[in-house]
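So this one's coords-v2.txt, compact mmCIF, C-alpha atoms:
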# COMPACT_ATOMS: atom_id res chain seq x y z
CA MET X 1 0.00 0.00 0.00
CA GLU X 2 1.47 3.34 -1.00
CA ARG X 3 1.73 5.80 1.83
CA LYS X 4 1.06 9.41 0.91
CA THR X 5 3.27 12.01 2.48
CA GLN X 6 1.53 15.20 3.45
CA VAL X 7 3.54 18.25 2.50
CA THR X 8 3.14 21.18 4.86
CA GLU X 9 3.51 24.55 3.24
CA PRO X 10 5.84 26.88 5.14
CA ARG X 11 4.19 29.74 7.00
CA THR X 12 4.39 33.20 5.51
CA THR X 13 3.03 36.54 6.61
CA GLY X 14 0.10 37.93 4.68
CA SER X 15 -1.06 41.41 3.86
CA ILE X 16 -2.34 43.08 7.02
CA THR X 17 -6.05 43.88 6.97
CA ASP X 18 -6.83 44.03 10.71
CA PRO X 19 -6.26 47.36 12.54
CA ARG X 20 -5.17 45.53 15.70
CA THR X 21 -2.43 43.73 13.80
CA LEU X 22 -1.36 46.98 12.16
CA ARG X 23 -1.11 48.69 15.55
CA ALA X 24 0.85 45.76 16.93
CA ILE X 25 3.56 45.85 14.28
CA ALA X 26 3.67 49.67 14.15
CA HIS X 27 5.61 49.77 17.42
CA PRO X 28 9.22 50.83 16.62
CA ILE X 29 10.77 48.15 18.83
CA ARG X 30 8.69 45.38 17.24
CA MET X 31 9.55 46.57 13.75
CA ARG X 32 13.23 46.49 14.68
CA LEU X 33 12.96 43.03 16.29
CA TYR X 34 11.32 41.58 13.20
CA GLU X 35 13.95 43.25 11.04
CA VAL X 36 16.86 41.77 13.02
CA LEU X 37 15.31 38.30 13.11
CA THR X 38 14.69 38.46 9.36
CA THR X 39 18.23 39.47 8.45
CA GLY X 40 20.17 37.82 11.27
CA GLY X 41 18.34 34.56 11.85
CA PRO X 42 16.96 32.99 15.06
CA ALA X 43 17.88 34.61 18.36
CA THR X 44 16.86 34.96 21.98
CA ALA X 45 15.71 38.13 23.72
CA ALA X 46 19.12 38.37 25.39
CA LYS X 47 20.94 38.17 22.07
CA LEU X 48 18.56 40.63 20.45
CA SER X 49 19.22 43.18 23.21
CA ALA X 50 22.64 43.77 21.64
CA TYR X 51 20.91 45.17 18.53
CA VAL X 52 17.57 46.47 19.82
CA GLN X 53 17.32 48.96 22.65
CA GLY X 54 15.63 47.46 25.70
CA ALA X 55 16.07 44.99 28.52
CA PRO X 56 15.63 41.30 27.66
CA GLY X 57 12.47 41.14 29.76
CA SER X 58 10.90 44.03 27.85
CA LEU X 59 12.00 42.57 24.52
CA SER X 60 10.48 39.22 25.50
CA TYR X 61 7.09 40.93 25.82
CA HIS X 62 7.39 42.47 22.38
CA LEU X 63 8.50 39.13 20.93
CA ARG X 64 5.42 37.44 22.35
CA GLU X 65 3.26 40.16 20.76
CA LEU X 66 4.93 39.58 17.40
CA ALA X 67 4.28 35.86 17.73
CA GLU X 68 0.63 36.40 18.67
CA TYR X 69 0.04 38.42 15.52
CA GLY X 70 1.84 35.97 13.25
CA PHE X 71 5.15 37.69 12.48
CA ILE X 72 7.52 35.37 14.34
CA GLU X 73 7.45 31.89 15.86
CA GLU X 74 9.45 29.86 18.34
CA ALA X 75 12.56 28.22 16.94
CA PRO X 76 14.34 25.07 18.17
CA ASP X 77 16.86 25.77 20.91
CA PRO X 78 20.32 24.99 19.50
CA GLY X 79 21.88 24.96 22.98
CA ARG X 80 22.43 22.07 25.32
CA ASP X 81 20.42 23.13 28.36
CA LYS X 82 17.22 23.86 26.37
CA ARG X 83 16.32 26.66 28.76
CA GLU X 84 16.51 29.59 26.36
CA ARG X 85 13.55 30.67 24.25
CA TRP X 86 14.57 31.17 20.64
CA TRP X 87 12.55 33.04 18.05
CA ARG X 88 12.65 33.21 14.26
CA ALA X 89 10.95 35.47 11.74
CA ILE X 90 8.14 34.17 9.58
CA PRO X 91 9.08 35.14 6.02
CA GLY X 92 6.92 37.41 3.93
CA GLY X 93 7.63 40.79 5.43
CA VAL X 94 5.31 43.49 6.72
CA ARG X 95 2.91 44.93 4.18
CA TRP X 96 -0.54 46.46 3.98
CA SER X 97 -2.78 48.32 1.55
CA PRO X 98 -4.05 51.77 2.61
CA ALA X 99 -7.36 50.98 0.89
CA ASP X 100 -8.11 48.42 3.63
CA PHE X 101 -8.00 51.08 6.37
CA LEU X 102 -10.22 53.91 5.20
CA ALA X 103 -13.64 52.79 6.41
CA ASN X 104 -13.69 54.64 9.74
CA PRO X 105 -11.59 56.98 11.92
CA ALA X 106 -10.12 54.13 14.02
CA GLN X 107 -8.80 52.38 10.91
CA ARG X 108 -7.41 55.61 9.49
CA GLU X 109 -5.69 56.33 12.82
CA ALA X 110 -4.07 52.88 12.81
CA LEU X 111 -2.95 53.42 9.22
CA ALA X 112 -1.43 56.81 9.99
CA SER X 113 0.42 55.43 13.00
CA ALA X 114 1.85 52.53 10.99
CA ASN X 115 2.88 54.77 8.11
CA GLN X 116 4.63 57.16 10.50
CA ALA X 117 6.52 54.32 12.20
CA LEU X 118 7.60 52.88 8.85
CA VAL X 119 8.78 56.20 7.43
CA ALA X 120 10.57 57.05 10.68
CA ARG X 121 12.55 53.81 10.42
CA GLN X 122 13.36 54.46 6.77
CA LEU X 123 14.60 57.96 7.53
CA GLN X 124 16.56 56.69 10.52
CA ARG X 125 18.47 54.36 8.22
CA LEU X 126 19.02 57.12 5.68
CA HIS X 127 20.30 59.53 8.32
CA GLY X 128 22.65 56.85 9.63
CA TRP X 129 24.12 56.36 6.17
CA GLN X 130 24.47 60.10 5.58
CA SER X 131 26.17 60.74 8.91
CA SER X 132 28.65 57.85 9.06
CA GLY X 133 28.24 55.67 5.97
CA VAL X 134 31.45 56.68 4.23
CA GLU X 135 33.52 56.18 7.37
CA GLN X 136 31.93 52.78 8.04
CA TRP X 137 31.82 51.31 4.52
CA GLY X 138 34.42 53.26 2.57
CA PRO X 139 34.44 55.30 -0.65
CA GLY X 140 33.63 52.33 -2.88
CA TRP X 141 30.18 51.90 -1.39
CA ALA X 142 29.71 55.66 -1.27
CA ASP X 143 30.31 55.88 -5.01
CA VAL X 144 27.63 53.31 -5.87
CA ALA X 145 25.01 54.35 -3.28
CA ILE X 146 21.90 55.80 -4.93
CA ALA X 147 20.36 59.17 -4.16
CA THR X 148 18.05 60.45 -6.84
CA ASP X 149 14.72 62.14 -7.33
CA THR X 150 12.77 63.40 -10.30
CA MET X 151 9.46 64.99 -11.12
CA LEU X 152 6.93 63.11 -13.25
CA TYR X 153 3.58 64.19 -14.66
CA LEU X 154 1.32 61.13 -14.45
CA ASN X 155 -2.26 60.03 -14.08
CA GLN X 156 -3.32 57.24 -11.73
CA GLU X 157 -3.00 54.49 -14.34
CA GLU X 158 0.50 55.61 -15.28
CA LEU X 159 1.59 55.74 -11.65
CA GLN X 160 0.25 52.21 -11.21
CA GLN X 161 2.26 51.09 -14.25
CA LEU X 162 5.39 52.69 -12.80
CA ALA X 163 4.79 50.94 -9.48
CA ASP X 164 4.33 47.57 -11.23
CA GLU X 165 7.52 47.97 -13.26
CA LEU X 166 9.59 49.04 -10.24
CA GLY X 167 8.07 46.23 -8.19
CA ALA X 168 9.05 43.66 -10.81
CA ILE X 169 12.64 44.92 -10.86
CA ILE X 170 12.93 44.87 -7.06
CA ALA X 171 11.32 41.41 -6.89
CA ALA X 172 13.79 40.04 -9.45
CA TRP X 173 16.77 41.44 -7.57
CA GLY X 174 15.28 40.20 -4.30
CA GLU X 175 15.14 36.63 -5.61
CA ARG X 176 18.67 36.94 -7.00
CA SER X 177 19.83 38.21 -3.60
CA ARG X 178 18.18 35.33 -1.73
CA GLN X 179 19.69 32.71 -4.03
CA GLN X 180 23.15 34.24 -3.74
CA ARG X 181 22.88 34.34 0.03
CA LYS X 182 21.92 30.67 0.13
CA ALA X 183 24.92 29.85 -2.05
CA ASP X 184 27.26 31.90 0.13
CA ASP X 185 25.88 30.35 3.34
CA SER X 186 26.22 26.79 2.02
CA SER X 187 29.77 27.32 0.75
CA GLY X 188 30.90 29.32 3.75
CA ALA X 189 32.31 32.04 1.52
CA GLN X 190 31.32 34.30 -1.30
CA GLU X 191 32.08 32.32 -4.41
CA ASP X 192 32.80 35.23 -6.74
CA GLY X 193 35.20 36.87 -4.29
CA LYS X 194 33.15 40.07 -4.05
CA ASP X 195 32.18 41.45 -0.68
CA ARG X 196 28.41 41.61 -0.23
CA GLU X 197 26.56 43.65 2.34
CA GLN X 198 22.91 44.20 3.08
CA VAL X 199 21.64 47.02 0.87
CA PHE X 200 18.57 48.97 1.91
CA VAL X 201 16.29 50.08 -0.93
CA PHE X 202 13.19 52.18 -0.53
CA THR X 203 11.16 54.32 -2.89
CA HIS X 204 8.23 56.68 -2.56
CA ALA X 205 6.07 58.07 -5.33
CA PHE X 206 3.04 60.23 -4.60
CA PRO X 207 1.22 63.29 -5.88
CA PHE X 208 1.84 66.67 -4.32
CA ALA X 209 1.27 70.35 -5.04
CA ASP X 210 4.45 72.37 -5.51
CA LYS X 211 2.61 75.65 -5.19
CA PRO X 212 -0.47 76.76 -3.26
CA VAL X 213 -3.79 76.73 -5.00
CA LEU X 214 -4.80 80.37 -4.92
CA LYS X 215 -8.42 81.31 -5.07
CA PRO X 216 -9.29 84.35 -7.17
CA PRO X 217 -10.22 87.42 -5.15
CA PRO X 218 -13.93 88.00 -4.69
CA ALA X 219 -15.57 90.11 -7.31
CA THR X 220 -16.18 93.69 -6.31
CA THR X 221 -19.34 95.53 -7.12
Would you mind giving the structure from this file in structure tokens?
Amino acid sequence: MERKTQVTEPRTTGSITDPRTLRAIAHPIRMRLYEVLTTGGPATAAKLSAYVQGAPGSLSYHLRELAEYGFIEEAPDPGRDKRERWWRAIPGGVRWSPADFLANPAQREALASANQALVARQLQRLHGWQSSGVEQWGPGWADVAIATDTMLYLNQEELQQLADELGAIIAAWGERSRQQRKADDSSGAQEDGKDREQVFVFTHAFPFADKPVLKPPPATT
């Protein structure tokens, strides 16, 4: 008799649609914890305290919150005493659509809070690079770092097309990056001899008015 093996699909995070989940991840410490677990691999609260500001006890609370809302999960303890609690990130990232949080003031408040926390973290990284990036990474990385902006005149459909094209490029490079990291991890060294570092990429594109909309003066009689 042939025995069928059930294949369990790995867990991934989904797009956030619940305001409570959005508020939970919007906390700066939780965002940073998920970030470190994603890039650095499984860790304990004590180990994470070297990278995230806070006492291990406080970080443990935030880790439990992340687990409750489906962003991280417990990982096997690689130690011998089995007394430490290890955590690992659930892949998939943190993402949401603003359209899912416009129905009422509470949803819009949660959306605004999450957007502010996300942008604050992005700007924190940018400021860190601008203040000490050259000293830390050297002129080679400074020469290839990207800083650009431009002005486009688009309608909604064209902006959507731009977003799709940029998304496809980033997704392709993301997959290439993941495959290269797996190869480097399995070989214990970078096969092509080139030093690789984590590279942070973020883009924003949105409409804005570059001058005030002036109303004509009232007609005089």
Atom-to-atom span, atom CA of Gly57 of chain X and atom CA of Thr44 of chain X, Å: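 About the pair atom CA of Gly57 of chain X and atom CA of Thr44 of chain X: they are 10.9 Å apart.
Across X:Gly70, X:Gly133, X:Gly92, X:Pro19, the tightest approach to Leu111 of chain X is made by X:Pro19 when counting all atoms listed in the file.
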Closest of X:Pro10, X:Phe200, X:Leu152, X:Ala117 to Trp129 of chain X - atom-to-atom distances counting all atoms listed in the file: X:Phe200
Nearest residue to Tyr69 of chain X from the set X:Asp143, X:Glu197, X:Asp184, X:Asp18 (distances using only C-alpha atoms):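 Going through X:Asp143, X:Glu197, X:Asp184, X:Asp18 one by one, the smallest distance to Tyr69 of chain X is for X:Asp18.
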One-decimal distance in Å that lies between atom CA of Gln53 of chain X and atom CA of Ile29 of chain X: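 Straight-line distance from atom CA of Ile29 of chain X to atom CA of Gln53 of chain X works out to 7.6 Å.
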Residue neighbourhood Glu109 of chain X, 12 Å, only C-alpha atoms, exclusion window fewer than 3 positions, as a list in words: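 Contacts, with the query itself left out: Pro19, Arg20, Leu22, Arg23, Ala26, Pro98, Phe101, Leu102, Ala103, Asn104, Pro105, Ala106, Ala112, Ser113, Ala114, Asn115 and Gln116 of chain X.
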Test item: residues at most 12 Å from Thr39 of chain X, only C-alpha atoms, excluding those fewer than 2 positions along its chain, as a ChimeraX atom specification: /X:32-37,41-43,51,88-91,93,178,181,197-200
Would you output that residue set with C-alpha atoms, as an mmCIF file, in the coordinates of the input?
data_model
loop_
_atom_site.group_PDB
_atom_site.id
_atom_site.type_symbol
_atom_site.label_atom_id
_atom_site.label_comp_id
_atom_site.auth_asym_id
_atom_site.auth_seq_id
_atom_site.Cartn_x
_atom_site.Cartn_y
_atom_site.Cartn_z
ATOM 1 C CA ARG X 32 13.230 46.490 14.680
ATOM 2 C CA LEU X 33 12.960 43.030 16.290
ATOM 3 C CA TYR X 34 11.320 41.580 13.200
ATOM 4 C CA GLU X 35 13.950 43.250 11.040
ATOM 5 C CA VAL X 36 16.860 41.770 13.020
ATOM 6 C CA LEU X 37 15.310 38.300 13.110
ATOM 7 C CA GLY X 41 18.340 34.560 11.850
ATOM 8 C CA PRO X 42 16.960 32.990 15.060
ATOM 9 C CA ALA X 43 17.880 34.610 18.360
ATOM 10 C CA TYR X 51 20.910 45.170 18.530
ATOM 11 C CA ARG X 88 12.650 33.210 14.260
ATOM 12 C CA ALA X 89 10.950 35.470 11.740
ATOM 13 C CA ILE X 90 8.140 34.170 9.580
ATOM 14 C CA PRO X 91 9.080 35.140 6.020
ATOM 15 C CA GLY X 93 7.630 40.790 5.430
ATOM 16 C CA ARG X 178 18.180 35.330 -1.730
ATOM 17 C CA ARG X 181 22.880 34.340 0.030
ATOM 18 C CA GLU X 197 26.560 43.650 2.340
ATOM 19 C CA GLN X 198 22.910 44.200 3.080
ATOM 20 C CA VAL X 199 21.640 47.020 0.870
ATOM 21 C CA PHE X 200 18.570 48.970 1.910
#
Two-atom distance - atom CA of Ala24 of chain X, atom CA of Leu66 of chain X (Å):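 One can read the atom CA of Ala24 of chain X to atom CA of Leu66 of chain X distance as 7.4 Å.
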Pick from X:Trp137, X:Trp86, X:Tyr153, X:Phe208, whichever lies nearest to Asp195 of chain X using all atoms listed in the file: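 Distance minimum relative to Asp195 of chain X lands on X:Trp137.
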Best match for closeness to Leu154 of chain X among X:Gly128, X:Phe206, X:Glu175, X:Ala45, counting all atoms listed in the file: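 Residue with the minimum atom-to-atom distance to Leu154 of chain X: X:Phe206.
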As JSON, what would the box around segment 102-109 of chain X look like: edges along x, y and z, 4 Å added on every side, centre and edge lengths in Å to one decimal?
{"center_x": -9.7, "center_y": 54.7, "center_z": 9.6, "size_x": 16.0, "size_y": 12.6, "size_z": 16.8}
Nearest residue to His62 of chain X from the set X:Ala99, X:Val201, X:Ala171, X:Leu48 (distances using only C-alpha atoms): X:Leu48
Fill-in result for segment 45-56 of chain X, all heavy atoms as an mmCIF file, in the coordinates of the input:
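That gives us out.cif:
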data_model
loop_
_atom_site.group_PDB
_atom_site.id
_atom_site.type_symbol
_atom_site.label_atom_id
_atom_site.label_comp_id
_atom_site.auth_asym_id
_atom_site.auth_seq_id
_atom_site.Cartn_x
_atom_site.Cartn_y
_atom_site.Cartn_z
ATOM 1 N N ALA X 45 15.879 36.736 23.302
ATOM 2 C CA ALA X 45 15.710 38.130 23.720
ATOM 3 C C ALA X 45 17.042 38.702 24.198
ATOM 4 O O ALA X 45 17.356 39.869 23.936
ATOM 5 C CB ALA X 45 14.655 38.223 24.816
ATOM 6 N N ALA X 46 17.830 37.895 24.898
ATOM 7 C CA ALA X 46 19.120 38.370 25.390
ATOM 8 C C ALA X 46 20.058 38.718 24.232
ATOM 9 O O ALA X 46 20.757 39.731 24.259
ATOM 10 C CB ALA X 46 19.756 37.318 26.287
ATOM 11 N N LYS X 47 20.085 37.883 23.224
ATOM 12 C CA LYS X 47 20.940 38.170 22.070
ATOM 13 C C LYS X 47 20.434 39.370 21.287
ATOM 14 O O LYS X 47 21.214 40.184 20.779
ATOM 15 C CB LYS X 47 21.023 36.930 21.164
ATOM 16 C CG LYS X 47 21.727 35.742 21.800
ATOM 17 C CD LYS X 47 21.833 34.575 20.839
ATOM 18 C CE LYS X 47 22.521 33.379 21.484
ATOM 19 N NZ LYS X 47 23.924 33.682 21.859
ATOM 20 N N LEU X 48 19.128 39.510 21.186
ATOM 21 C CA LEU X 48 18.560 40.630 20.450
ATOM 22 C C LEU X 48 18.809 41.959 21.156
ATOM 23 O O LEU X 48 18.847 43.006 20.500
ATOM 24 C CB LEU X 48 17.057 40.419 20.273
ATOM 25 C CG LEU X 48 16.661 39.312 19.289
ATOM 26 C CD1 LEU X 48 15.186 38.957 19.462
ATOM 27 C CD2 LEU X 48 16.940 39.734 17.847
ATOM 28 N N SER X 49 19.000 41.940 22.470
ATOM 29 C CA SER X 49 19.220 43.180 23.210
ATOM 30 C C SER X 49 20.520 43.860 22.810
ATOM 31 O O SER X 49 20.722 45.045 23.119
ATOM 32 C CB SER X 49 19.213 42.906 24.721
ATOM 33 O OG SER X 49 20.300 42.069 25.091
ATOM 34 N N ALA X 50 21.406 43.143 22.130
ATOM 35 C CA ALA X 50 22.640 43.770 21.640
ATOM 36 C C ALA X 50 22.377 44.633 20.407
ATOM 37 O O ALA X 50 23.218 45.464 20.053
ATOM 38 C CB ALA X 50 23.674 42.688 21.309
ATOM 39 N N TYR X 51 21.228 44.442 19.769
ATOM 40 C CA TYR X 51 20.910 45.170 18.530
ATOM 41 C C TYR X 51 19.664 46.031 18.656
ATOM 42 O O TYR X 51 19.472 46.937 17.842
ATOM 43 C CB TYR X 51 20.705 44.170 17.390
ATOM 44 C CG TYR X 51 21.886 43.260 17.166
ATOM 45 C CD1 TYR X 51 21.944 42.002 17.760
ATOM 46 C CD2 TYR X 51 22.944 43.664 16.368
ATOM 47 C CE1 TYR X 51 23.028 41.170 17.559
ATOM 48 C CE2 TYR X 51 24.037 42.833 16.163
ATOM 49 C CZ TYR X 51 24.075 41.591 16.765
ATOM 50 O OH TYR X 51 25.153 40.769 16.582
ATOM 51 N N VAL X 52 18.820 45.737 19.636
ATOM 52 C CA VAL X 52 17.570 46.470 19.820
ATOM 53 C C VAL X 52 17.557 47.039 21.231
ATOM 54 O O VAL X 52 17.793 46.301 22.198
ATOM 55 C CB VAL X 52 16.341 45.552 19.605
ATOM 56 C CG1 VAL X 52 15.053 46.361 19.703
ATOM 57 C CG2 VAL X 52 16.431 44.844 18.269
ATOM 58 N N GLN X 53 17.286 48.316 21.351
ATOM 59 C CA GLN X 53 17.320 48.960 22.650
ATOM 60 C C GLN X 53 16.211 48.407 23.547
ATOM 61 O O GLN X 53 15.050 48.362 23.163
ATOM 62 C CB GLN X 53 17.173 50.473 22.499
ATOM 63 C CG GLN X 53 17.343 51.241 23.797
ATOM 64 C CD GLN X 53 17.312 52.742 23.577
ATOM 65 O OE1 GLN X 53 17.088 53.214 22.461
ATOM 66 N NE2 GLN X 53 17.544 53.511 24.630
ATOM 67 N N GLY X 54 16.595 47.984 24.744
ATOM 68 C CA GLY X 54 15.630 47.460 25.700
ATOM 69 C C GLY X 54 16.180 46.305 26.486
ATOM 70 O O GLY X 54 17.078 45.582 26.013
ATOM 71 N N ALA X 55 15.662 46.119 27.687
ATOM 72 C CA ALA X 55 16.070 44.990 28.520
ATOM 73 C C ALA X 55 15.493 43.706 27.956
ATOM 74 O O ALA X 55 14.429 43.723 27.327
ATOM 75 C CB ALA X 55 15.609 45.205 29.964
ATOM 76 N N PRO X 56 16.162 42.566 28.183
ATOM 77 C CA PRO X 56 15.630 41.300 27.660
ATOM 78 C C PRO X 56 14.205 41.020 28.086
ATOM 79 O O PRO X 56 13.411 40.484 27.297
ATOM 80 C CB PRO X 56 16.616 40.264 28.232
ATOM 81 C CG PRO X 56 17.903 41.001 28.369
ATOM 82 C CD PRO X 56 17.511 42.394 28.786
#
